[in-house]
>>> print(open('query28.pdb').read())   # PDB, C-alpha atoms, pLDDT in the B column
MODEL        1
ATOM      1  CA  MET A   1      -1.642  11.337 -12.400  1.00 84.00           C
ATOM      2  CA  LYS A   2       0.500  14.184 -13.674  1.00 92.00           C
ATOM      3  CA  ASP A   3       2.120  16.017 -10.780  1.00 92.00           C
ATOM      4  CA  LYS A   4       0.097  14.121  -8.182  1.00 97.00           C
ATOM      5  CA  ARG A   5       2.113  13.536  -5.019  1.00 98.00           C
ATOM      6  CA  ILE A   6       1.730   9.833  -4.330  1.00 98.00           C
ATOM      7  CA  GLY A   7       3.092   7.974  -1.334  1.00 98.00           C
ATOM      8  CA  PHE A   8       3.763   4.318  -2.125  1.00 98.00           C
ATOM      9  CA  ALA A   9       4.087   2.259   1.064  1.00 98.00           C
ATOM     10  CA  MET A  10       5.236  -1.361   0.936  1.00 98.00           C
ATOM     11  CA  CYS A  11       4.613  -4.034   3.574  1.00 96.00           C
ATOM     12  CA  GLY A  12       6.148  -7.492   3.874  1.00 89.00           C
ATOM     13  CA  SER A  13       4.276  -9.630   1.366  1.00 92.00           C
ATOM     14  CA  PHE A  14       7.589 -10.229  -0.371  1.00 94.00           C
ATOM     15  CA  CYS A  15       6.182 -12.737  -2.866  1.00 93.00           C
ATOM     16  CA  THR A  16       4.195  -9.932  -4.527  1.00 95.00           C
ATOM     17  CA  PHE A  17       7.016  -7.420  -4.995  1.00 96.00           C
ATOM     18  CA  SER A  18       7.615  -8.531  -8.590  1.00 96.00           C
ATOM     19  CA  GLU A  19       4.027  -7.431  -9.344  1.00 97.00           C
ATOM     20  CA  VAL A  20       3.961  -4.348  -7.111  1.00 98.00           C
ATOM     21  CA  ILE A  21       7.191  -2.597  -8.098  1.00 98.00           C
ATOM     22  CA  PRO A  22       6.206  -2.315 -11.793  1.00 98.00           C
ATOM     23  CA  GLN A  23       3.131  -0.356 -10.646  1.00 98.00           C
ATOM     24  CA  ILE A  24       5.424   2.224  -9.041  1.00 98.00           C
ATOM     25  CA  LYS A  25       7.120   2.596 -12.420  1.00 98.00           C
ATOM     26  CA  ILE A  26       3.788   2.941 -14.252  1.00 98.00           C
ATOM     27  CA  LEU A  27       2.617   5.672 -11.873  1.00 98.00           C
ATOM     28  CA  SER A  28       5.939   7.445 -12.289  1.00 97.00           C
ATOM     29  CA  GLU A  29       5.695   7.220 -16.076  1.00 97.00           C
ATOM     30  CA  LEU A  30       2.196   8.728 -15.835  1.00 97.00           C
ATOM     31  CA  GLY A  31       3.800  11.803 -14.277  1.00 97.00           C
ATOM     32  CA  ALA A  32       3.242  11.153 -10.580  1.00 98.00           C
ATOM     33  CA  ASP A  33       5.756  12.336  -8.001  1.00 98.00           C
ATOM     34  CA  ILE A  34       6.287   9.150  -5.950  1.00 98.00           C
ATOM     35  CA  THR A  35       7.455   9.188  -2.331  1.00 98.00           C
ATOM     36  CA  PRO A  36       8.558   5.639  -1.440  1.00 98.00           C
ATOM     37  CA  ILE A  37       7.851   4.230   2.013  1.00 98.00           C
ATOM     38  CA  MET A  38       8.805   0.811   3.348  1.00 98.00           C
ATOM     39  CA  SER A  39       8.061  -0.853   6.636  1.00 97.00           C
ATOM     40  CA  GLU A  40      11.147  -1.416   8.712  1.00 97.00           C
ATOM     41  CA  THR A  41      10.797  -5.142   7.998  1.00 96.00           C
ATOM     42  CA  VAL A  42      10.752  -4.664   4.230  1.00 97.00           C
ATOM     43  CA  TYR A  43      13.685  -2.255   4.389  1.00 97.00           C
ATOM     44  CA  SER A  44      15.868  -4.677   6.344  1.00 97.00           C
ATOM     45  CA  THR A  45      14.794  -8.211   5.383  1.00 95.00           C
ATOM     46  CA  SER A  46      16.144 -10.403   2.619  1.00 95.00           C
ATOM     47  CA  THR A  47      14.045 -13.407   1.631  1.00 95.00           C
ATOM     48  CA  ARG A  48      13.970 -16.144  -1.000  1.00 95.00           C
ATOM     49  CA  PHE A  49      12.185 -13.583  -3.204  1.00 95.00           C
ATOM     50  CA  GLY A  50      15.156 -11.182  -3.188  1.00 95.00           C
ATOM     51  CA  THR A  51      17.427  -9.147  -0.999  1.00 96.00           C
ATOM     52  CA  ALA A  52      16.362  -6.010   0.809  1.00 96.00           C
ATOM     53  CA  GLU A  53      19.107  -4.149  -1.040  1.00 97.00           C
ATOM     54  CA  HIS A  54      17.750  -5.290  -4.411  1.00 97.00           C
ATOM     55  CA  PHE A  55      14.234  -4.011  -3.680  1.00 97.00           C
ATOM     56  CA  ILE A  56      15.524  -0.778  -2.142  1.00 98.00           C
ATOM     57  CA  ASN A  57      17.667  -0.099  -5.205  1.00 98.00           C
ATOM     58  CA  GLN A  58      14.792  -0.841  -7.605  1.00 98.00           C
ATOM     59  CA  VAL A  59      12.442   1.546  -5.835  1.00 98.00           C
ATOM     60  CA  LYS A  60      15.070   4.274  -5.468  1.00 98.00           C
ATOM     61  CA  GLU A  61      15.948   4.006  -9.165  1.00 98.00           C
ATOM     62  CA  ILE A  62      12.295   4.384 -10.218  1.00 98.00           C
ATOM     63  CA  THR A  63      11.446   7.237  -7.844  1.00 98.00           C
ATOM     64  CA  GLY A  64      14.786   9.020  -7.627  1.00 97.00           C
ATOM     65  CA  LYS A  65      14.188   9.418  -3.889  1.00 98.00           C
ATOM     66  CA  GLU A  66      15.387   8.014  -0.610  1.00 98.00           C
ATOM     67  CA  ILE A  67      12.938   5.642   1.028  1.00 98.00           C
ATOM     68  CA  ILE A  68      11.091   6.602   4.197  1.00 98.00           C
ATOM     69  CA  HIS A  69      11.583   3.630   6.526  1.00 98.00           C
ATOM     70  CA  SER A  70      11.119   4.838  10.084  1.00 98.00           C
ATOM     71  CA  ILE A  71       8.263   6.183  12.175  1.00 98.00           C
ATOM     72  CA  GLN A  72      10.157   9.432  12.716  1.00 98.00           C
ATOM     73  CA  ALA A  73      10.651   9.992   8.976  1.00 98.00           C
ATOM     74  CA  ALA A  74       7.001   9.153   8.189  1.00 98.00           C
ATOM     75  CA  GLU A  75       5.415  11.450  10.798  1.00 97.00           C
ATOM     76  CA  PRO A  76       5.884  14.752   8.845  1.00 98.00           C
ATOM     77  CA  ILE A  77       3.726  13.403   5.990  1.00 98.00           C
ATOM     78  CA  GLY A  78       0.650  14.719   7.807  1.00 97.00           C
ATOM     79  CA  PRO A  79       1.671  18.074   9.257  1.00 97.00           C
ATOM     80  CA  LYS A  80       3.557  19.075   6.101  1.00 97.00           C
ATOM     81  CA  GLU A  81       0.745  17.771   3.835  1.00 97.00           C
ATOM     82  CA  LEU A  82       3.306  15.999   1.659  1.00 98.00           C
ATOM     83  CA  LEU A  83       0.933  13.718  -0.284  1.00 98.00           C
ATOM     84  CA  ASP A  84      -2.232  13.897  -2.341  1.00 98.00           C
ATOM     85  CA  ILE A  85      -2.837  10.159  -1.969  1.00 98.00           C
ATOM     86  CA  LEU A  86      -1.157   7.219  -0.228  1.00 98.00           C
ATOM     87  CA  ILE A  87      -1.028   3.656  -1.558  1.00 98.00           C
ATOM     88  CA  VAL A  88      -0.301   0.700   0.729  1.00 98.00           C
ATOM     89  CA  ALA A  89       0.764  -2.115  -1.575  1.00 98.00           C
ATOM     90  CA  PRO A  90       1.130  -4.848  -0.693  1.00 98.00           C
ATOM     91  CA  CYS A  91      -0.878  -4.489   2.507  1.00 98.00           C
ATOM     92  CA  THR A  92      -0.447  -7.521   4.746  1.00 97.00           C
ATOM     93  CA  GLY A  93      -2.972  -8.911   7.228  1.00 96.00           C
ATOM     94  CA  ASN A  94      -0.757  -7.585  10.003  1.00 97.00           C
ATOM     95  CA  THR A  95      -0.920  -4.047   8.648  1.00 98.00           C
ATOM     96  CA  LEU A  96      -4.669  -4.339   7.925  1.00 98.00           C
ATOM     97  CA  GLY A  97      -5.209  -5.173  11.598  1.00 97.00           C
ATOM     98  CA  LYS A  98      -3.061  -2.299  12.777  1.00 98.00           C
ATOM     99  CA  LEU A  99      -4.802   0.187  10.508  1.00 98.00           C
ATOM    100  CA  ALA A 100      -8.245  -1.040  11.594  1.00 97.00           C
ATOM    101  CA  LEU A 101      -7.296  -0.668  15.267  1.00 97.00           C
ATOM    102  CA  GLY A 102      -5.340   2.575  14.977  1.00 96.00           C
ATOM    103  CA  ILE A 103      -1.993   1.028  15.899  1.00 97.00           C
ATOM    104  CA  THR A 104       0.930   3.139  14.732  1.00 97.00           C
ATOM    105  CA  ASP A 105       4.160   1.198  15.188  1.00 97.00           C
ATOM    106  CA  THR A 106       5.751   1.078  11.713  1.00 98.00           C
ATOM    107  CA  ALA A 107       6.701   3.598   9.042  1.00 98.00           C
ATOM    108  CA  VAL A 108       3.722   2.429   6.956  1.00 98.00           C
ATOM    109  CA  THR A 109       1.120   2.751   9.719  1.00 98.00           C
ATOM    110  CA  MET A 110       2.521   6.144  10.743  1.00 98.00           C
ATOM    111  CA  ALA A 111       2.478   7.355   7.137  1.00 98.00           C
ATOM    112  CA  THR A 112      -1.147   6.239   6.843  1.00 98.00           C
ATOM    113  CA  LYS A 113      -2.219   7.845  10.118  1.00 98.00           C
ATOM    114  CA  ALA A 114      -0.379  11.065   9.312  1.00 97.00           C
ATOM    115  CA  HIS A 115      -1.858  11.217   5.817  1.00 98.00           C
ATOM    116  CA  LEU A 116      -5.435  10.464   6.921  1.00 98.00           C
ATOM    117  CA  ARG A 117      -5.409  13.375   9.341  1.00 96.00           C
ATOM    118  CA  ASN A 118      -5.588  15.595   6.262  1.00 97.00           C
ATOM    119  CA  GLU A 119      -8.781  13.861   5.028  1.00 97.00           C
ATOM    120  CA  ARG A 120      -6.964  12.582   1.951  1.00 98.00           C
ATOM    121  CA  PRO A 121      -7.390   9.183   0.263  1.00 98.00           C
ATOM    122  CA  VAL A 122      -5.558   5.976   1.104  1.00 98.00           C
ATOM    123  CA  VAL A 123      -5.583   3.073  -1.367  1.00 98.00           C
ATOM    124  CA  ILE A 124      -5.066  -0.415   0.061  1.00 98.00           C
ATOM    125  CA  ALA A 125      -3.899  -3.381  -2.038  1.00 98.00           C
ATOM    126  CA  VAL A 126      -4.527  -6.483   0.080  1.00 98.00           C
ATOM    127  CA  SER A 127      -2.145  -9.431   0.144  1.00 97.00           C
ATOM    128  CA  THR A 128      -2.835 -11.844   2.969  1.00 95.00           C
ATOM    129  CA  ASN A 129      -3.396 -15.551   3.516  1.00 92.00           C
ATOM    130  CA  ASP A 130      -6.219 -14.839   5.973  1.00 93.00           C
ATOM    131  CA  ALA A 131      -8.316 -12.280   4.093  1.00 93.00           C
ATOM    132  CA  LEU A 132     -11.383 -14.522   4.308  1.00 92.00           C
ATOM    133  CA  SER A 133     -10.834 -15.456   7.950  1.00 94.00           C
ATOM    134  CA  ALA A 134      -9.034 -13.476  10.677  1.00 92.00           C
ATOM    135  CA  SER A 135      -8.384 -10.403   8.492  1.00 93.00           C
ATOM    136  CA  ALA A 136     -11.933 -10.286   7.090  1.00 96.00           C
ATOM    137  CA  LYS A 137     -13.230  -8.151   9.963  1.00 97.00           C
ATOM    138  CA  ASN A 138     -10.358  -5.691   9.507  1.00 97.00           C
ATOM    139  CA  ILE A 139     -11.001  -5.436   5.765  1.00 97.00           C
ATOM    140  CA  GLY A 140     -14.691  -4.837   6.498  1.00 97.00           C
ATOM    141  CA  GLN A 141     -13.929  -2.184   9.076  1.00 97.00           C
ATOM    142  CA  LEU A 142     -11.546  -0.386   6.732  1.00 98.00           C
ATOM    143  CA  MET A 143     -14.038  -0.581   3.847  1.00 97.00           C
ATOM    144  CA  ASN A 144     -16.454   1.247   6.116  1.00 96.00           C
ATOM    145  CA  SER A 145     -13.932   4.003   6.914  1.00 97.00           C
ATOM    146  CA  ARG A 146     -13.743   7.440   5.340  1.00 96.00           C
ATOM    147  CA  ASN A 147     -11.025   8.042   2.761  1.00 98.00           C
ATOM    148  CA  ILE A 148     -10.060   4.346   2.478  1.00 98.00           C
ATOM    149  CA  TYR A 149     -10.275   2.711  -0.956  1.00 98.00           C
ATOM    150  CA  PHE A 150      -9.408  -0.831  -1.993  1.00 98.00           C
ATOM    151  CA  VAL A 151      -7.703  -2.147  -5.092  1.00 98.00           C
ATOM    152  CA  PRO A 152      -9.998  -4.966  -6.302  1.00 98.00           C
ATOM    153  CA  PHE A 153      -8.862  -8.347  -5.016  1.00 97.00           C
ATOM    154  CA  SER A 154      -9.652 -12.026  -5.317  1.00 95.00           C
ATOM    155  CA  GLN A 155      -8.671 -15.420  -4.032  1.00 95.00           C
ATOM    156  CA  ASP A 156      -5.237 -16.228  -5.378  1.00 91.00           C
ATOM    157  CA  ALA A 157      -5.214 -20.009  -4.814  1.00 86.00           C
ATOM    158  CA  PRO A 158      -8.760 -21.018  -3.776  1.00 86.00           C
ATOM    159  CA  TYR A 159      -8.090 -24.757  -3.578  1.00 92.00           C
ATOM    160  CA  LYS A 160      -4.685 -24.610  -1.868  1.00 92.00           C
ATOM    161  CA  LYS A 161      -5.096 -21.500   0.309  1.00 91.00           C
ATOM    162  CA  THR A 162      -8.844 -21.201   0.740  1.00 93.00           C
ATOM    163  CA  ARG A 163      -8.787 -17.952   2.731  1.00 94.00           C
ATOM    164  CA  SER A 164      -6.002 -16.146   0.882  1.00 91.00           C
ATOM    165  CA  CYS A 165      -6.637 -13.033  -1.249  1.00 94.00           C
ATOM    166  CA  VAL A 166      -4.381 -10.801  -3.290  1.00 96.00           C
ATOM    167  CA  ALA A 167      -5.105  -7.481  -4.958  1.00 98.00           C
ATOM    168  CA  LYS A 168      -5.094  -7.138  -8.723  1.00 98.00           C
ATOM    169  CA  PHE A 169      -2.026  -4.912  -8.585  1.00 98.00           C
ATOM    170  CA  GLU A 170      -2.413  -3.927 -12.238  1.00 98.00           C
ATOM    171  CA  LEU A 171      -5.559  -2.050 -11.131  1.00 98.00           C
ATOM    172  CA  ILE A 172      -3.600   0.266  -8.823  1.00 98.00           C
ATOM    173  CA  PRO A 173      -3.528   3.176 -11.334  1.00 98.00           C
ATOM    174  CA  ALA A 174      -7.285   2.913 -12.008  1.00 98.00           C
ATOM    175  CA  THR A 175      -8.028   2.657  -8.280  1.00 98.00           C
ATOM    176  CA  VAL A 176      -5.861   5.704  -7.552  1.00 98.00           C
ATOM    177  CA  SER A 177      -7.578   7.689 -10.279  1.00 97.00           C
ATOM    178  CA  ALA A 178     -11.014   6.813  -8.888  1.00 98.00           C
ATOM    179  CA  ALA A 179      -9.960   7.477  -5.280  1.00 98.00           C
ATOM    180  CA  LEU A 180      -8.636  10.918  -6.177  1.00 98.00           C
ATOM    181  CA  GLY A 181     -12.186  11.667  -7.316  1.00 97.00           C
ATOM    182  CA  GLY A 182     -13.670  10.212  -4.118  1.00 97.00           C
ATOM    183  CA  ASN A 183     -14.858   6.974  -5.737  1.00 98.00           C
ATOM    184  CA  GLN A 184     -14.260   3.281  -5.080  1.00 98.00           C
ATOM    185  CA  ILE A 185     -13.513   1.241  -8.206  1.00 96.00           C
ATOM    186  CA  GLU A 186     -15.963  -1.648  -8.563  1.00 96.00           C
ATOM    187  CA  PRO A 187     -16.307  -4.518  -8.169  1.00 96.00           C
ATOM    188  CA  ILE A 188     -14.030  -4.754  -5.151  1.00 95.00           C
ATOM    189  CA  PHE A 189     -14.036  -8.548  -5.007  1.00 93.00           C
ATOM    190  CA  LEU A 190     -13.348 -10.220  -8.340  1.00 86.00           C
TER     191      LEU A 190
ENDMDL
END
>>> encode(input="query28.pdb", output="structure tokens")
Amino acid sequence: MKDKRIGFAMCGSFCTFSEVIPQIKILSELGADITPIMSETVYSTSTRFGTAEHFINQVKEITGKEIIHSIQAAEPIGPKELLDILIVAPCTGNTLGKLALGITDTAVTMATKAHLRNERPVVIAVSTNDALSASAKNIGQLMNSRNIYFVPFSQDAPYKKTRSCVAKFELIPATVSAALGGNQIEPIFL
């Protein structure tokens, strides 16, 4: 990871932030240069899981950088070739659908589109209540796309939320390492 330029894009699965943000710190401690990206919703929404300001401050403290949080700020990622790899964690069902359909209407989807134009890897860490229903087709489509890699995931509450899946966020560093070499970490579904 040393000196790798990693974009870390966060979507609105707020309940997972306590697991996701430590992964930013681990990547940073491994020597990566992290560029933080947040969807406009994440950047401006406080929830029962914490305030927007709290999460912004945590990420800024770890990375030492301002957070990209607009389409306009994310667009140069591609033309300027700013990243070696981009991580979308957590990646919501909403964002999965947009990525699968090529919709670019948030900082995260623009960052992904801009980065992919350079034929560089994107790592997706799923967190959605409909992974095994409405979002399943989008996950399948993205798994069949060039330069897209998935952090292994599993059902998080199979008896209460039968279609919900969440990535094993602690596998982000291993997934990034594999993706940088053009490989998908296996198994994908745990």
>>> atom_distance(input="query28.pdb", atom1="atom CA of A:Thr128", atom2="atom CA of A:Gly93")
5.2 Å
>>> residues_around(input="query28.pdb", residues="stretch 68-84 of chain A", least_positions_apart="4", cutoff="8 Å", atoms="only C-alpha atoms", output="short mmCIF file (atom, residue, chain, number, x, y, z; two decimals) with C-alpha atoms, keeping the file's coordinate frame")
data_model
loop_
_atom_site.label_atom_id
_atom_site.label_comp_id
_atom_site.auth_asym_id
_atom_site.auth_seq_id
_atom_site.Cartn_x
_atom_site.Cartn_y
_atom_site.Cartn_z
CA LYS A 4 0.10 14.12 -8.18
CA ARG A 5 2.11 13.54 -5.02
CA ILE A 6 1.73 9.83 -4.33
CA GLY A 7 3.09 7.97 -1.33
CA THR A 35 7.46 9.19 -2.33
CA PRO A 36 8.56 5.64 -1.44
CA ILE A 37 7.85 4.23 2.01
CA MET A 38 8.80 0.81 3.35
CA SER A 39 8.06 -0.85 6.64
CA GLU A 40 11.15 -1.42 8.71
CA TYR A 43 13.68 -2.26 4.39
CA ASP A 105 4.16 1.20 15.19
CA THR A 106 5.75 1.08 11.71
CA ALA A 107 6.70 3.60 9.04
CA VAL A 108 3.72 2.43 6.96
CA MET A 110 2.52 6.14 10.74
CA ALA A 111 2.48 7.36 7.14
CA LYS A 113 -2.22 7.84 10.12
CA ALA A 114 -0.38 11.06 9.31
CA HIS A 115 -1.86 11.22 5.82
CA LEU A 116 -5.44 10.46 6.92
CA ARG A 117 -5.41 13.38 9.34
CA ASN A 118 -5.59 15.60 6.26
CA ARG A 120 -6.96 12.58 1.95
CA PRO A 121 -7.39 9.18 0.26
#
>>> axis_aligned_box(input="query28.pdb", around="stretch 41-56 of chain A", padding_each_side="8 Å", output="AutoDock Vina command-line options")
--center_x 14.9 --center_y -8.5 --center_z 1.8 --size_x 24.4 --size_y 31.4 --size_z 28.4
>>> resolve_selection(input="query28.pdb", expression="the PyMOL selection byres ((chain A and resi 53-64) around 10)", output="PyMOL selection string")
chain A and resi 8+14+17-18+21-22+24-29+32-38+42-46+49-52+65-67
>>> write_last_selection(input="query28.pdb", atoms="C-alpha atoms", output="PDB file, in the coordinates of the input")
ATOM      1  CA  PHE A   8       3.763   4.318  -2.125  1.00 98.00           C
ATOM      2  CA  PHE A  14       7.589 -10.229  -0.371  1.00 94.00           C
ATOM      3  CA  PHE A  17       7.016  -7.420  -4.995  1.00 96.00           C
ATOM      4  CA  SER A  18       7.615  -8.531  -8.590  1.00 96.00           C
ATOM      5  CA  ILE A  21       7.191  -2.597  -8.098  1.00 98.00           C
ATOM      6  CA  PRO A  22       6.206  -2.315 -11.793  1.00 98.00           C
ATOM      7  CA  ILE A  24       5.424   2.224  -9.041  1.00 98.00           C
ATOM      8  CA  LYS A  25       7.120   2.596 -12.420  1.00 98.00           C
ATOM      9  CA  ILE A  26       3.788   2.941 -14.252  1.00 98.00           C
ATOM     10  CA  LEU A  27       2.617   5.672 -11.873  1.00 98.00           C
ATOM     11  CA  SER A  28       5.939   7.445 -12.289  1.00 97.00           C
ATOM     12  CA  GLU A  29       5.695   7.220 -16.076  1.00 97.00           C
ATOM     13  CA  ALA A  32       3.242  11.153 -10.580  1.00 98.00           C
ATOM     14  CA  ASP A  33       5.756  12.336  -8.001  1.00 98.00           C
ATOM     15  CA  ILE A  34       6.287   9.150  -5.950  1.00 98.00           C
ATOM     16  CA  THR A  35       7.455   9.188  -2.331  1.00 98.00           C
ATOM     17  CA  PRO A  36       8.558   5.639  -1.440  1.00 98.00           C
ATOM     18  CA  ILE A  37       7.851   4.230   2.013  1.00 98.00           C
ATOM     19  CA  MET A  38       8.805   0.811   3.348  1.00 98.00           C
ATOM     20  CA  VAL A  42      10.752  -4.664   4.230  1.00 97.00           C
ATOM     21  CA  TYR A  43      13.685  -2.255   4.389  1.00 97.00           C
ATOM     22  CA  SER A  44      15.868  -4.677   6.344  1.00 97.00           C
ATOM     23  CA  THR A  45      14.794  -8.211   5.383  1.00 95.00           C
ATOM     24  CA  SER A  46      16.144 -10.403   2.619  1.00 95.00           C
ATOM     25  CA  PHE A  49      12.185 -13.583  -3.204  1.00 95.00           C
ATOM     26  CA  GLY A  50      15.156 -11.182  -3.188  1.00 95.00           C
ATOM     27  CA  THR A  51      17.427  -9.147  -0.999  1.00 96.00           C
ATOM     28  CA  ALA A  52      16.362  -6.010   0.809  1.00 96.00           C
ATOM     29  CA  LYS A  65      14.188   9.418  -3.889  1.00 98.00           C
ATOM     30  CA  GLU A  66      15.387   8.014  -0.610  1.00 98.00           C
ATOM     31  CA  ILE A  67      12.938   5.642   1.028  1.00 98.00           C
TER      32      ILE A  67
END
>>> resolve_selection(input="query28.pdb", expression="the PyMOL selection byres ((chain A and resi 133-148) around 6)", output="PyMOL selection string")
chain A and resi 93+97+100+121-122+130-132+149
>>> write_last_selection(input="query28.pdb", atoms="C-alpha atoms", output="compact mmCIF listing (two decimals), in the frame of the given file")
# COMPACT_ATOMS: atom_id res chain seq x y z
CA GLY A 93 -2.97 -8.91 7.23
CA GLY A 97 -5.21 -5.17 11.60
CA ALA A 100 -8.24 -1.04 11.59
CA PRO A 121 -7.39 9.18 0.26
CA VAL A 122 -5.56 5.98 1.10
CA ASP A 130 -6.22 -14.84 5.97
CA ALA A 131 -8.32 -12.28 4.09
CA LEU A 132 -11.38 -14.52 4.31
CA TYR A 149 -10.28 2.71 -0.96
>>> resolve_selection(input="query28.pdb", expression="the PyMOL selection byres ((chain A and resi 91) around 10)", output="number ranges by chain")
A: 9-13, 87-90, 92-96, 108, 123-128, 166-167
>>> atom_distance(input="query28.pdb", atom1="atom CA of A:Ile188", atom2="atom CA of A:Ser164")
15.2 Å
>>> closest_residue(input="query28.pdb", among="A:Thr47, A:Thr41, A:Leu101, A:Glu119", to="A:Leu180", atoms="only C-alpha atoms")
A:Glu119
>>> atom_distance(input="query28.pdb", atom1="atom CA of A:Phe153", atom2="atom CA of A:Leu190")
5.9 Å
>>> residues_near_point(input="query28.pdb", point="(-7.5, -4.7, -8.4)", cutoff="7 Å", atoms="only C-alpha atoms", output="JSON, numbers by chain")
{"A": [151, 152, 153, 167, 168, 169, 170, 171, 172]}
>>> closest_residue(input="query28.pdb", among="A:Ile185, A:Leu86, A:Ala179, A:Asn129", to="A:Arg163", atoms="all atoms listed in the file")
A:Asn129
>>> decode(input="query28.pdb", residues="stretch 14-58 of chain A", atoms="C-alpha atoms", output="PDB file, in the first residue's frame")
ATOM      1  CA  PHE A  14     -24.474   5.295   8.246  1.00  0.00           C
ATOM      2  CA  CYS A  15     -24.814   2.266  10.527  1.00  0.00           C
ATOM      3  CA  THR A  16     -21.556   0.866   9.113  1.00  0.00           C
ATOM      4  CA  PHE A  17     -19.364   3.949   9.542  1.00  0.00           C
ATOM      5  CA  SER A  18     -17.963   2.679  12.850  1.00  0.00           C
ATOM      6  CA  GLU A  19     -16.570  -0.314  10.911  1.00  0.00           C
ATOM      7  CA  VAL A  20     -15.592   1.548   7.737  1.00  0.00           C
ATOM      8  CA  ILE A  21     -13.670   4.519   9.132  1.00  0.00           C
ATOM      9  CA  PRO A  22     -11.098   2.327  10.943  1.00  0.00           C
ATOM     10  CA  GLN A  23     -10.251   0.808   7.539  1.00  0.00           C
ATOM     11  CA  ILE A  24      -9.308   4.272   6.273  1.00  0.00           C
ATOM     12  CA  LYS A  25      -6.914   4.529   9.211  1.00  0.00           C
ATOM     13  CA  ILE A  26      -5.428   1.078   8.530  1.00  0.00           C
ATOM     14  CA  LEU A  27      -4.797   1.931   4.875  1.00  0.00           C
ATOM     15  CA  SER A  28      -3.220   5.212   5.923  1.00  0.00           C
ATOM     16  CA  GLU A  29      -0.995   3.447   8.450  1.00  0.00           C
ATOM     17  CA  LEU A  30       0.083   1.058   5.675  1.00  0.00           C
ATOM     18  CA  GLY A  31       1.451   4.081   3.819  1.00  0.00           C
ATOM     19  CA  ALA A  32      -1.380   4.829   1.405  1.00  0.00           C
ATOM     20  CA  ASP A  33      -2.140   8.389   0.349  1.00  0.00           C
ATOM     21  CA  ILE A  34      -5.914   8.565   0.953  1.00  0.00           C
ATOM     22  CA  THR A  35      -8.193  10.993  -0.884  1.00  0.00           C
ATOM     23  CA  PRO A  36     -11.525  11.083   0.985  1.00  0.00           C
ATOM     24  CA  ILE A  37     -14.788  11.350  -0.936  1.00  0.00           C
ATOM     25  CA  MET A  38     -18.296  11.530   0.490  1.00  0.00           C
ATOM     26  CA  SER A  39     -21.651  11.615  -1.205  1.00  0.00           C
ATOM     27  CA  GLU A  40     -23.455  14.876  -0.697  1.00  0.00           C
ATOM     28  CA  THR A  41     -25.883  13.035   1.589  1.00  0.00           C
ATOM     29  CA  VAL A  42     -23.130  11.685   3.831  1.00  0.00           C
ATOM     30  CA  TYR A  43     -21.417  15.074   3.954  1.00  0.00           C
ATOM     31  CA  SER A  44     -24.568  16.886   5.069  1.00  0.00           C
ATOM     32  CA  THR A  45     -26.677  14.393   7.044  1.00  0.00           C
ATOM     33  CA  SER A  46     -26.652  13.726  10.762  1.00  0.00           C
ATOM     34  CA  THR A  47     -28.316  10.525  11.942  1.00  0.00           C
ATOM     35  CA  ARG A  48     -28.771   8.505  15.125  1.00  0.00           C
ATOM     36  CA  PHE A  49     -25.363   6.984  14.308  1.00  0.00           C
ATOM     37  CA  GLY A  50     -23.566  10.347  14.552  1.00  0.00           C
ATOM     38  CA  THR A  51     -23.415  13.835  13.174  1.00  0.00           C
ATOM     39  CA  ALA A  52     -22.109  14.693   9.739  1.00  0.00           C
ATOM     40  CA  GLU A  53     -19.547  16.950  11.401  1.00  0.00           C
ATOM     41  CA  HIS A  54     -18.276  14.085  13.563  1.00  0.00           C
ATOM     42  CA  PHE A  55     -17.685  11.795  10.573  1.00  0.00           C
ATOM     43  CA  ILE A  56     -16.176  14.596   8.484  1.00  0.00           C
ATOM     44  CA  ASN A  57     -13.751  15.462  11.278  1.00  0.00           C
ATOM     45  CA  GLN A  58     -12.757  11.812  11.793  1.00  0.00           C
TER      46      GLN A  58
END
